[in-house]
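Student: mmCIF, C-alpha atoms (C1' of nucleotides), file data-v3.cif:
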data_run
#
loop_
_atom_site.label_atom_id
_atom_site.label_comp_id
_atom_site.auth_asym_id
_atom_site.auth_seq_id
_atom_site.Cartn_x
_atom_site.Cartn_y
_atom_site.Cartn_z
CA MET A 1 156.95 186.94 -30.07
CA HIS A 2 156.11 183.29 -30.12
CA ILE A 3 158.77 180.66 -30.56
CA SER A 4 156.35 178.53 -32.52
CA SER A 5 156.41 181.12 -35.25
CA ALA A 6 160.18 181.51 -35.09
CA THR A 7 163.26 179.39 -35.56
CA PRO A 8 163.63 176.37 -33.26
CA CYS A 9 166.11 176.83 -30.46
CA ASN A 10 169.67 176.18 -31.58
CA CYS A 11 170.82 175.61 -28.04
CA LEU A 12 168.28 172.86 -27.43
CA ALA A 13 169.39 171.12 -30.61
CA PHE A 14 173.00 171.16 -29.41
CA ARG A 15 172.16 169.92 -25.94
CA GLN A 16 169.94 167.11 -27.15
CA ALA A 17 172.49 165.91 -29.67
CA ALA A 18 175.24 166.10 -27.06
CA ARG A 19 173.15 164.09 -24.59
CA HIS A 20 172.32 161.50 -27.21
CA VAL A 21 175.88 161.06 -28.41
CA SER A 22 177.27 161.14 -24.88
CA GLN A 23 174.97 158.33 -23.86
CA ALA A 24 176.36 156.10 -26.60
CA TYR A 25 179.97 156.85 -25.69
CA ASP A 26 179.28 156.54 -21.98
CA GLN A 27 177.78 153.10 -22.46
CA ALA A 28 180.78 152.00 -24.49
CA LEU A 29 183.15 153.28 -21.79
CA ALA A 30 181.14 152.03 -18.80
CA PRO A 31 182.70 148.53 -18.77
CA PHE A 32 186.04 150.24 -18.23
CA GLY A 33 184.84 152.45 -15.42
CA LEU A 34 185.17 155.76 -17.21
CA ARG A 35 182.84 158.53 -18.33
CA THR A 36 183.40 160.39 -21.56
CA THR A 37 184.60 163.46 -19.73
CA GLN A 38 187.06 161.44 -17.69
CA PHE A 39 188.25 159.66 -20.81
CA SER A 40 188.89 162.99 -22.52
CA ILE A 41 190.90 164.22 -19.56
CA LEU A 42 193.07 161.11 -19.53
CA VAL A 43 193.59 161.29 -23.28
CA HIS A 44 194.81 164.86 -23.09
CA LEU A 45 197.07 164.19 -20.13
CA ALA A 46 198.55 161.15 -21.85
CA GLN A 47 199.10 162.92 -25.14
CA SER A 48 200.16 166.41 -24.21
CA GLY A 49 202.02 165.79 -21.01
CA PRO A 50 201.24 167.54 -17.70
CA TRP A 51 198.80 170.43 -17.63
CA SER A 52 197.75 172.92 -15.03
CA ILE A 53 194.05 172.90 -14.17
CA GLN A 54 193.47 176.22 -15.86
CA ALA A 55 195.33 175.25 -19.02
CA LEU A 56 193.57 171.91 -19.35
CA ALA A 57 190.18 173.50 -18.66
CA THR A 58 190.73 176.01 -21.45
CA ARG A 59 191.87 173.24 -23.75
CA LEU A 60 188.78 171.16 -22.98
CA VAL A 61 186.43 174.15 -23.21
CA MET A 62 185.37 173.74 -19.60
CA ASP A 63 185.03 176.02 -16.65
CA ARG A 64 188.11 175.88 -14.44
CA THR A 65 186.05 175.03 -11.39
CA SER A 66 184.21 172.30 -13.25
CA LEU A 67 187.44 170.60 -14.17
CA GLY A 68 188.71 171.03 -10.65
CA ARG A 69 185.82 168.91 -9.41
CA THR A 70 185.77 166.50 -12.34
CA ILE A 71 189.32 165.36 -11.64
CA LYS A 72 188.47 164.40 -8.07
CA PRO A 73 187.20 160.89 -8.93
CA LEU A 74 190.24 160.34 -11.14
CA GLU A 75 192.54 161.36 -8.30
CA ARG A 76 190.65 159.20 -5.83
CA ASP A 77 191.00 156.19 -8.11
CA GLY A 78 194.69 156.85 -8.64
CA LEU A 79 194.40 157.44 -12.38
CA ILE A 80 195.96 160.88 -12.16
CA VAL A 81 197.97 162.81 -9.59
CA THR A 82 198.26 166.50 -8.88
CA ASP A 83 201.57 168.06 -7.95
CA VAL A 84 202.24 171.59 -6.81
CA ASP A 85 204.51 173.31 -9.30
CA SER A 86 207.84 173.92 -7.60
CA ALA A 87 208.43 177.09 -9.57
CA ASP A 88 204.97 178.55 -8.93
CA ARG A 89 203.20 177.01 -5.99
CA ARG A 90 199.84 178.39 -7.11
CA VAL A 91 199.86 175.98 -10.03
CA HIS A 92 198.57 172.44 -9.59
CA VAL A 93 199.99 170.22 -12.28
CA LEU A 94 197.92 167.26 -13.46
CA ARG A 95 199.71 164.10 -14.54
CA ILE A 96 198.45 160.69 -15.60
CA THR A 97 199.70 157.70 -13.58
CA PRO A 98 200.77 154.30 -14.92
CA LEU A 99 197.47 152.96 -13.61
CA GLY A 100 195.68 155.71 -15.46
CA GLN A 101 197.61 154.91 -18.60
CA THR A 102 196.64 151.26 -18.31
CA ARG A 103 193.00 152.15 -17.77
CA LEU A 104 193.11 154.57 -20.68
CA THR A 105 194.59 151.98 -23.00
CA ALA A 106 191.87 149.49 -22.11
CA ALA A 107 189.06 152.03 -22.40
CA THR A 108 190.30 153.18 -25.77
CA ALA A 109 188.89 149.95 -27.20
CA GLY A 110 185.44 150.93 -25.98
CA TRP A 111 185.86 154.44 -27.26
CA ALA A 112 186.95 153.19 -30.65
CA GLU A 113 183.85 151.06 -30.89
CA ALA A 114 181.52 153.97 -30.14
CA GLN A 115 183.47 156.17 -32.50
CA ALA A 116 183.26 153.54 -35.23
CA ARG A 117 179.52 153.16 -34.78
CA PHE A 118 179.09 156.91 -35.06
CA GLU A 119 181.29 157.13 -38.13
CA THR A 120 179.43 154.26 -39.77
CA ALA A 121 176.04 155.77 -39.07
CA MET A 122 177.09 159.22 -40.23
CA THR A 123 179.62 158.36 -42.93
CA PRO A 124 183.22 159.35 -42.21
CA GLN A 125 182.94 162.34 -44.53
CA ARG A 126 179.84 163.71 -42.83
CA ALA A 127 181.30 163.00 -39.42
CA ALA A 128 184.48 164.88 -40.25
CA SER A 129 182.49 167.76 -41.68
CA LEU A 130 180.28 167.87 -38.63
CA ARG A 131 183.26 167.81 -36.26
CA GLU A 132 184.71 170.73 -38.16
CA THR A 133 181.47 172.67 -37.88
CA LEU A 134 181.18 171.90 -34.16
CA THR A 135 184.76 173.04 -33.60
CA HIS A 136 184.00 176.23 -35.48
CA VAL A 137 180.96 176.86 -33.29
CA THR A 138 183.01 176.22 -30.18
CA ARG A 139 185.54 178.83 -31.23
CA THR A 140 182.99 181.42 -32.24
CA GLU A 141 182.00 184.18 -29.84
CA PHE A 142 178.35 185.17 -29.81
CA MET B 1 195.64 152.14 -30.94
CA HIS B 2 196.45 155.76 -30.22
CA ILE B 3 193.84 158.43 -30.53
CA SER B 4 196.44 160.85 -31.76
CA SER B 5 196.74 158.78 -34.90
CA ALA B 6 192.98 158.40 -35.24
CA THR B 7 189.98 160.61 -35.68
CA PRO B 8 189.30 163.17 -32.95
CA CYS B 9 186.52 162.24 -30.56
CA ASN B 10 183.12 163.14 -31.97
CA CYS B 11 181.57 163.07 -28.54
CA LEU B 12 183.97 165.64 -27.16
CA ALA B 13 183.22 167.93 -30.09
CA PHE B 14 179.50 167.73 -29.33
CA ARG B 15 179.92 168.31 -25.63
CA GLN B 16 182.25 171.27 -26.06
CA ALA B 17 179.98 172.92 -28.60
CA ALA B 18 176.94 172.30 -26.40
CA ARG B 19 178.71 173.81 -23.39
CA HIS B 20 179.82 176.83 -25.37
CA VAL B 21 176.41 177.52 -26.90
CA SER B 22 174.62 176.81 -23.63
CA GLN B 23 176.75 179.36 -21.85
CA ALA B 24 175.67 182.06 -24.29
CA TYR B 25 171.99 181.21 -23.96
CA ASP B 26 172.23 180.85 -20.19
CA GLN B 27 173.74 184.30 -19.88
CA ALA B 28 170.98 185.76 -22.01
CA LEU B 29 168.33 184.06 -19.87
CA ALA B 30 169.96 184.74 -16.50
CA PRO B 31 168.35 188.19 -16.01
CA PHE B 32 164.98 186.44 -16.19
CA GLY B 33 165.89 183.75 -13.68
CA LEU B 34 165.79 180.82 -16.08
CA ARG B 35 168.29 178.27 -17.39
CA THR B 36 168.13 177.01 -20.95
CA THR B 37 166.76 173.66 -19.83
CA GLN B 38 164.06 175.32 -17.77
CA PHE B 39 163.23 177.62 -20.63
CA SER B 40 162.82 174.65 -22.97
CA ILE B 41 160.50 172.94 -20.54
CA LEU B 42 158.30 176.01 -20.21
CA VAL B 43 158.22 176.49 -23.97
CA HIS B 44 157.02 172.95 -24.56
CA LEU B 45 154.43 173.09 -21.80
CA ALA B 46 153.13 176.41 -23.11
CA GLN B 47 152.99 175.25 -26.71
CA SER B 48 151.87 171.65 -26.53
CA GLY B 49 149.65 171.74 -23.49
CA PRO B 50 150.06 169.40 -20.50
CA TRP B 51 152.54 166.53 -20.68
CA SER B 52 153.31 163.58 -18.46
CA ILE B 53 156.87 163.43 -17.17
CA GLN B 54 157.70 160.44 -19.35
CA ALA B 55 156.20 161.98 -22.47
CA LEU B 56 157.94 165.32 -22.00
CA ALA B 57 161.23 163.62 -21.22
CA THR B 58 161.05 161.67 -24.47
CA ARG B 59 160.13 164.81 -26.34
CA LEU B 60 163.07 166.70 -24.87
CA VAL B 61 165.49 163.78 -25.34
CA MET B 62 166.14 163.55 -21.62
CA ASP B 63 166.18 160.77 -19.11
CA ARG B 64 162.87 160.51 -17.25
CA THR B 65 164.56 160.82 -13.88
CA SER B 66 166.56 163.82 -15.02
CA LEU B 67 163.43 165.67 -16.00
CA GLY B 68 161.76 164.62 -12.77
CA ARG B 69 164.44 166.46 -10.85
CA THR B 70 164.81 169.36 -13.27
CA ILE B 71 161.19 170.40 -12.80
CA LYS B 72 161.58 170.70 -9.03
CA PRO B 73 162.90 174.29 -9.11
CA LEU B 74 160.13 175.24 -11.53
CA GLU B 75 157.51 173.77 -9.21
CA ARG B 76 159.09 175.42 -6.20
CA ASP B 77 158.96 178.81 -7.91
CA GLY B 78 155.37 178.28 -9.00
CA LEU B 79 156.10 178.36 -12.71
CA ILE B 80 154.57 174.95 -13.29
CA VAL B 81 152.30 172.59 -11.36
CA THR B 82 151.98 168.82 -11.37
CA ASP B 83 148.59 167.12 -11.12
CA VAL B 84 147.86 163.45 -10.72
CA ASP B 85 145.93 162.22 -13.74
CA SER B 86 142.42 161.36 -12.59
CA ALA B 87 142.13 158.58 -15.15
CA ASP B 88 145.50 156.98 -14.33
CA ARG B 89 146.91 157.96 -11.00
CA ARG B 90 150.37 156.76 -11.94
CA VAL B 91 150.67 159.68 -14.35
CA HIS B 92 151.83 163.08 -13.14
CA VAL B 93 150.72 165.77 -15.54
CA LEU B 94 152.85 168.90 -15.93
CA ARG B 95 151.18 172.21 -16.62
CA ILE B 96 152.51 175.76 -16.91
CA THR B 97 150.99 178.35 -14.57
CA PRO B 98 150.02 181.94 -15.39
CA LEU B 99 153.13 183.00 -13.48
CA GLY B 100 155.16 180.59 -15.57
CA GLN B 101 153.60 181.97 -18.72
CA THR B 102 154.48 185.48 -17.68
CA ARG B 103 158.05 184.50 -16.88
CA LEU B 104 158.32 182.64 -20.17
CA THR B 105 157.07 185.61 -22.16
CA ALA B 106 159.62 187.88 -20.50
CA ALA B 107 162.49 185.43 -20.91
CA THR B 108 161.68 184.91 -24.56
CA ALA B 109 163.19 188.34 -25.21
CA GLY B 110 166.49 187.13 -23.80
CA TRP B 111 166.28 183.91 -25.73
CA ALA B 112 165.57 185.76 -28.96
CA GLU B 113 168.65 187.88 -28.43
CA ALA B 114 170.92 184.85 -27.96
CA GLN B 115 169.27 183.13 -30.88
CA ALA B 116 169.77 186.20 -33.06
CA ARG B 117 173.44 186.47 -32.11
CA PHE B 118 173.95 182.83 -33.01
CA GLU B 119 172.14 183.18 -36.32
CA THR B 120 174.13 186.27 -37.17
CA ALA B 121 177.44 184.63 -36.37
CA MET B 122 176.59 181.45 -38.25
CA THR B 123 174.38 182.80 -41.04
CA PRO B 124 170.71 181.75 -40.92
CA GLN B 125 171.31 179.22 -43.69
CA ARG B 126 174.21 177.53 -41.90
CA ALA B 127 172.33 177.63 -38.61
CA ALA B 128 169.29 175.97 -40.14
CA SER B 129 171.46 173.35 -41.81
CA LEU B 130 173.30 172.68 -38.59
CA ARG B 131 170.07 172.33 -36.62
CA GLU B 132 168.89 169.83 -39.17
CA THR B 133 172.08 167.85 -38.86
CA LEU B 134 171.93 167.92 -35.07
CA THR B 135 168.33 166.74 -35.13
CA HIS B 136 169.34 163.93 -37.44
CA VAL B 137 172.10 162.88 -35.08
CA THR B 138 169.70 162.98 -32.15
CA ARG B 139 167.33 160.64 -33.95
CA THR B 140 170.01 158.23 -35.10
CA GLU B 141 170.74 155.08 -33.14
CA PHE B 142 174.36 154.07 -32.85
"C1'" DT C 1 209.87 195.71 2.05
"C1'" DT C 2 205.40 196.59 1.51
"C1'" DG C 3 201.05 197.48 -0.37
"C1'" DA C 4 198.17 197.01 -4.79
"C1'" DC C 5 197.08 194.04 -8.22
"C1'" DT C 6 196.96 189.70 -10.60
"C1'" DT C 7 196.74 184.88 -11.02
"C1'" DG C 8 195.56 179.89 -9.92
"C1'" DC C 9 192.61 177.04 -7.15
"C1'" DA C 10 189.17 175.67 -3.85
"C1'" DT C 11 184.55 176.01 -1.88
"C1'" DG C 12 179.50 177.10 -1.33
"C1'" DC C 13 175.53 176.91 -3.84
"C1'" DA C 14 172.49 175.39 -7.36
"C1'" DT C 15 171.10 173.00 -11.36
"C1'" DA C 16 171.88 169.05 -14.92
"C1'" DT C 17 172.15 164.30 -15.96
"C1'" DG C 18 171.54 159.28 -15.91
"C1'" DC C 19 171.74 154.40 -13.91
"C1'" DA C 20 169.96 151.01 -10.60
"C1'" DC C 21 166.43 150.10 -7.60
"C1'" DT C 22 161.93 150.80 -5.14
"C1'" DT C 23 157.07 152.11 -4.79
"C1'" DT C 24 152.56 152.79 -6.52
"C1'" DT C 25 149.03 151.88 -9.71
"C1'" DA C 26 146.97 149.67 -13.65
"C1'" DT C 27 146.09 145.62 -16.48
"C1'" DA C 28 145.72 141.11 -18.05
"C1'" DA C 29 145.93 136.13 -17.20
"C1'" DG C 30 143.99 132.43 -14.40
"C1'" DC D 1 138.96 137.87 -7.12
"C1'" DT D 2 143.95 136.90 -7.08
"C1'" DT D 3 148.31 137.10 -8.96
"C1'" DA D 4 151.84 138.05 -12.39
"C1'" DT D 5 153.32 141.63 -15.21
"C1'" DA D 6 153.89 146.11 -16.91
"C1'" DA D 7 153.93 151.06 -16.65
"C1'" DA D 8 154.87 155.72 -14.32
"C1'" DA D 9 157.37 158.12 -10.85
"C1'" DG D 10 160.38 158.68 -7.08
"C1'" DT D 11 164.87 157.90 -4.54
"C1'" DG D 12 169.86 156.88 -3.69
"C1'" DC D 13 174.10 157.52 -5.65
"C1'" DA D 14 177.51 159.60 -8.47
"C1'" DT D 15 179.33 162.64 -11.80
"C1'" DA D 16 178.91 167.17 -14.68
"C1'" DT D 17 178.73 172.02 -14.89
"C1'" DG D 18 179.27 176.95 -13.88
"C1'" DC D 19 178.76 181.40 -11.10
"C1'" DA D 20 180.12 184.05 -7.10
"C1'" DT D 21 183.24 184.28 -3.60
"C1'" DG D 22 187.25 183.44 -0.70
"C1'" DC D 23 192.17 182.29 -0.12
"C1'" DA D 24 196.92 181.76 -1.17
"C1'" DA D 25 200.88 182.91 -3.91
"C1'" DG D 26 203.37 185.59 -7.23
"C1'" DT D 27 204.55 190.30 -9.38
"C1'" DC D 28 205.57 194.93 -9.57
"C1'" DA D 29 205.81 199.57 -8.40
"C1'" DA D 30 206.85 202.95 -4.68
#
What would the structure in this file look like if it were written as structure tokens?

Tutor:
Amino acid sequence: MHISSATPCNCLAFRQAARHVSQAYDQALAPFGLRTTQFSILVHLAQSGPWSIQALATRLVMDRTSLGRTIKPLERDGLIVTDVDSADRRVHVLRITPLGQTRLTAATAGWAEAQARFETAMTPQRAASLRETLTHVTRTEF
Amino acid sequence: MHISSATPCNCLAFRQAARHVSQAYDQALAPFGLRTTQFSILVHLAQSGPWSIQALATRLVMDRTSLGRTIKPLERDGLIVTDVDSADRRVHVLRITPLGQTRLTAATAGWAEAQARFETAMTPQRAASLRETLTHVTRTEF
DNA sequence: TTGACTTGCATGCATATGCACTTTTATAAG
DNA sequence: CTTATAAAAGTGCATATGCATGCAAGTCAA
């Protein structure tokens, strides 16, 4: 079987689009010293209160070990802190710091700009539809 | 401005979907010792003949330096070779080897299985439409 | 209480990804 | 021919990502 005679790879299409879109958001966030992944982590910590690593990883559709390493720079820069849960010392609870909140607030301006550019280019309706489709894909088991 | 009162992040939706889909394809390719990115590189080299690093990177929507490092494992394992272009010695030409071709042919079975599962779950029509949308996004400047 | 099992994280290993900067080679201006 | 410029890759640095494995802590049955 030759791929040339078959359907183009869906996975490649996803990865390329994700790289392309990520680049735009990363550039918009760069002046504030955050990557898109880091921004997402801060947003979720700020909005939904403290999370354990496992819980946040599931929420963000990441591998637990990936998140565990991704938070290191945020910890180092004092944007988040990890506390050991007093009730269950296996659990490491992630919490955003005031400094992290400040950084997040500032970076949100950059995010909003990238988001606006995307929405303008795609049309808000198409963007919303696409987000819905992507979310559906994310929740679908193959 | 609070994100909670705004539109969810488009970028996060792309990245999560890409991670989720990539995981499925990676698992299907794992028995053949290839990652999805590596598989894509081999497919393009097998189909469109030799490419320079820059040209292939553009084609695959990757950063030149990312591709430069990604091909290292493929070179190491003898699946591809790089030759210096005799006409322009700045150019490094990438070429798939017979071993690479063999590996690619074998791995294509795994790829086809993942692809089939995706198409089944999404419906071929929806999958095709989604690929088209993703390609459009990839080609759009924000 | 103690041993089996489960759960939550960390670490080793490997690839993926991109920016800034450097090196090598080609090309065009003078 | 020499020099300025441009083009193609490579390197240093840093984060992103996930699998396999190891370790610590909690749970529950005997």

Student: List the spatial neighbours of DA6 in chain D as a VMD selection string - criterion: any atom at most 10 Å away, all atoms listed in the file, same-chain residues fewer than 5 positions off excluded.

Tutor: chain C and resid 26 to 28

Student: Since we have the selection now, will you write its residues out, keeping C-alpha atoms (C1' of nucleotides), as a PDB file, in the frame of the given file?

Tutor:
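Saved as again_17.pdb:
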ATOM      1  C1'  DA C  26     146.970 149.670 -13.650  1.00  0.00           C
ATOM      2  C1'  DT C  27     146.090 145.620 -16.480  1.00  0.00           C
ATOM      3  C1'  DA C  28     145.720 141.110 -18.050  1.00  0.00           C
TER       4       DA C  28
END

Student: Just give me the gap between CA of Arg35 in chain A and CA of Leu130 in chain B in Å, one decimal is fine.

Tutor: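 These atoms are spaced 26.5 Å apart.
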
Student: Using all atoms listed in the file, which chain B residues lie at most 8 Å away from chain D, written as a list in words?

Tutor: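 Selected residues: Gln54, Arg90, Val91 and His92 of chain B.
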
Student: Quick check on the file I pasted: which residues fall under the PyMOL selection byres ((chain C) within 7 of (chain B))? Write them as number ranges by chain.

Tutor: C: 17-18, 25

Student: Suppose you want the space between CA of Gln115 in chain B and CA of Cys9 in chain A; what is it in Å?

Tutor: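 If I compute the distance from CA of Gln115 in chain B to CA of Cys9 in chain A, I get 7.1 Å.
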
Student: Given a cut-off of 9 Å, which residues of chain A touch chain B, counting only C-alpha atoms, written out as JSON, numbers by chain?

Tutor: {"A": [1, 2, 3, 4, 7, 8, 9, 10, 11, 12, 13, 14, 15, 16, 17, 18, 19, 20, 21, 22, 24, 25, 36, 37, 40, 43, 47, 60, 61, 62, 105, 108, 109, 111, 112, 114, 115, 117, 118, 119, 120, 121, 122, 127, 128, 130, 131, 132, 133, 134, 135, 136, 137, 138, 139, 140, 141, 142]}

Student: Least-squares superpose chain A on chain B across all ordered C-alpha pairs, then write out what you get as a compact mmCIF listing (two decimals) with C-alpha atoms, keeping the file's coordinate frame.

Tutor:
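File produced: part-v8.txt:
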# COMPACT_ATOMS: atom_id res chain seq x y z
CA MET A 1 195.72 152.18 -30.94
CA HIS A 2 196.52 155.77 -30.24
CA ILE A 3 193.89 158.46 -30.51
CA SER A 4 196.49 160.89 -31.76
CA SER A 5 196.78 158.83 -34.90
CA ALA A 6 193.02 158.45 -35.25
CA THR A 7 189.99 160.65 -35.69
CA PRO A 8 189.32 163.21 -32.94
CA CYS A 9 186.54 162.27 -30.58
CA ASN A 10 183.13 163.14 -31.97
CA CYS A 11 181.57 163.08 -28.54
CA LEU A 12 183.99 165.65 -27.16
CA ALA A 13 183.23 167.95 -30.08
CA PHE A 14 179.51 167.72 -29.33
CA ARG A 15 179.92 168.31 -25.62
CA GLN A 16 182.23 171.27 -26.05
CA ALA A 17 179.98 172.93 -28.59
CA ALA A 18 176.95 172.30 -26.39
CA ARG A 19 178.71 173.81 -23.38
CA HIS A 20 179.80 176.82 -25.38
CA VAL A 21 176.40 177.50 -26.88
CA SER A 22 174.62 176.80 -23.61
CA GLN A 23 176.75 179.36 -21.84
CA ALA A 24 175.65 182.06 -24.28
CA TYR A 25 171.97 181.19 -23.94
CA ASP A 26 172.23 180.82 -20.18
CA GLN A 27 173.73 184.28 -19.86
CA ALA A 28 170.97 185.75 -22.00
CA LEU A 29 168.32 184.03 -19.86
CA ALA A 30 169.95 184.71 -16.49
CA PRO A 31 168.36 188.16 -16.01
CA PHE A 32 165.00 186.41 -16.18
CA GLY A 33 165.90 183.72 -13.69
CA LEU A 34 165.82 180.79 -16.07
CA ARG A 35 168.29 178.24 -17.39
CA THR A 36 168.13 177.00 -20.94
CA THR A 37 166.77 173.66 -19.84
CA GLN A 38 164.07 175.30 -17.77
CA PHE A 39 163.22 177.62 -20.64
CA SER A 40 162.82 174.66 -22.98
CA ILE A 41 160.50 172.93 -20.54
CA LEU A 42 158.30 176.00 -20.20
CA VAL A 43 158.22 176.50 -23.96
CA HIS A 44 157.03 172.97 -24.55
CA LEU A 45 154.44 173.11 -21.80
CA ALA A 46 153.13 176.43 -23.11
CA GLN A 47 152.98 175.28 -26.71
CA SER A 48 151.87 171.69 -26.54
CA GLY A 49 149.64 171.74 -23.52
CA PRO A 50 150.06 169.42 -20.51
CA TRP A 51 152.51 166.54 -20.68
CA SER A 52 153.29 163.62 -18.46
CA ILE A 53 156.86 163.45 -17.19
CA GLN A 54 157.68 160.48 -19.37
CA ALA A 55 156.18 162.02 -22.50
CA LEU A 56 157.92 165.35 -22.02
CA ALA A 57 161.23 163.63 -21.24
CA THR A 58 161.04 161.67 -24.47
CA ARG A 59 160.14 164.82 -26.36
CA LEU A 60 163.09 166.70 -24.88
CA VAL A 61 165.49 163.78 -25.36
CA MET A 62 166.12 163.53 -21.64
CA ASP A 63 166.15 160.75 -19.13
CA ARG A 64 162.83 160.52 -17.30
CA THR A 65 164.51 160.79 -13.93
CA SER A 66 166.52 163.80 -15.04
CA LEU A 67 163.40 165.66 -16.01
CA GLY A 68 161.74 164.62 -12.80
CA ARG A 69 164.44 166.46 -10.87
CA THR A 70 164.79 169.35 -13.30
CA ILE A 71 161.17 170.38 -12.82
CA LYS A 72 161.59 170.68 -9.06
CA PRO A 73 162.91 174.27 -9.13
CA LEU A 74 160.14 175.23 -11.54
CA GLU A 75 157.54 173.74 -9.21
CA ARG A 76 159.10 175.41 -6.20
CA ASP A 77 158.98 178.78 -7.93
CA GLY A 78 155.39 178.26 -8.99
CA LEU A 79 156.11 178.34 -12.71
CA ILE A 80 154.58 174.93 -13.30
CA VAL A 81 152.31 172.59 -11.36
CA THR A 82 151.99 168.84 -11.36
CA ASP A 83 148.61 167.16 -11.12
CA VAL A 84 147.86 163.49 -10.71
CA ASP A 85 145.92 162.26 -13.71
CA SER A 86 142.42 161.39 -12.55
CA ALA A 87 142.10 158.63 -15.11
CA ASP A 88 145.48 157.05 -14.34
CA ARG A 89 146.88 158.02 -10.99
CA ARG A 90 150.37 156.83 -11.94
CA VAL A 91 150.65 159.73 -14.37
CA HIS A 92 151.84 163.12 -13.16
CA VAL A 93 150.71 165.80 -15.55
CA LEU A 94 152.87 168.91 -15.93
CA ARG A 95 151.17 172.22 -16.63
CA ILE A 96 152.50 175.76 -16.91
CA THR A 97 150.99 178.35 -14.55
CA PRO A 98 150.04 181.94 -15.37
CA LEU A 99 153.15 183.00 -13.47
CA GLY A 100 155.17 180.61 -15.56
CA GLN A 101 153.61 181.97 -18.71
CA THR A 102 154.49 185.50 -17.66
CA ARG A 103 158.06 184.50 -16.87
CA LEU A 104 158.31 182.64 -20.16
CA THR A 105 157.08 185.62 -22.14
CA ALA A 106 159.65 187.89 -20.51
CA ALA A 107 162.50 185.42 -20.92
CA THR A 108 161.67 184.90 -24.56
CA ALA A 109 163.20 188.32 -25.22
CA GLY A 110 166.50 187.11 -23.80
CA TRP A 111 166.27 183.89 -25.73
CA ALA A 112 165.57 185.74 -28.94
CA GLU A 113 168.64 187.85 -28.44
CA ALA A 114 170.91 184.83 -27.96
CA GLN A 115 169.27 183.11 -30.88
CA ALA A 116 169.76 186.18 -33.05
CA ARG A 117 173.42 186.44 -32.11
CA PHE A 118 173.93 182.80 -33.01
CA GLU A 119 172.10 183.15 -36.30
CA THR A 120 174.10 186.26 -37.18
CA ALA A 121 177.41 184.62 -36.37
CA MET A 122 176.54 181.44 -38.24
CA THR A 123 174.33 182.79 -41.02
CA PRO A 124 170.68 181.72 -40.91
CA GLN A 125 171.26 179.19 -43.68
CA ARG A 126 174.16 177.51 -41.90
CA ALA A 127 172.31 177.61 -38.61
CA ALA A 128 169.27 175.94 -40.13
CA SER A 129 171.45 173.34 -41.81
CA LEU A 130 173.30 172.67 -38.59
CA ARG A 131 170.06 172.33 -36.61
CA GLU A 132 168.88 169.81 -39.16
CA THR A 133 172.09 167.82 -38.86
CA LEU A 134 171.94 167.91 -35.05
CA THR A 135 168.33 166.72 -35.12
CA HIS A 136 169.34 163.91 -37.44
CA VAL A 137 172.12 162.87 -35.06
CA THR A 138 169.72 162.96 -32.15
CA ARG A 139 167.36 160.60 -33.93
CA THR A 140 170.04 158.22 -35.09
CA GLU A 141 170.78 155.06 -33.12
CA PHE A 142 174.41 154.05 -32.85

Student: Separation of CA of Thr82 in chain A and CA of Ser48 in chain A, in Å?

Tutor: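 Rounded to one decimal, the two atoms are 15.4 Å apart.
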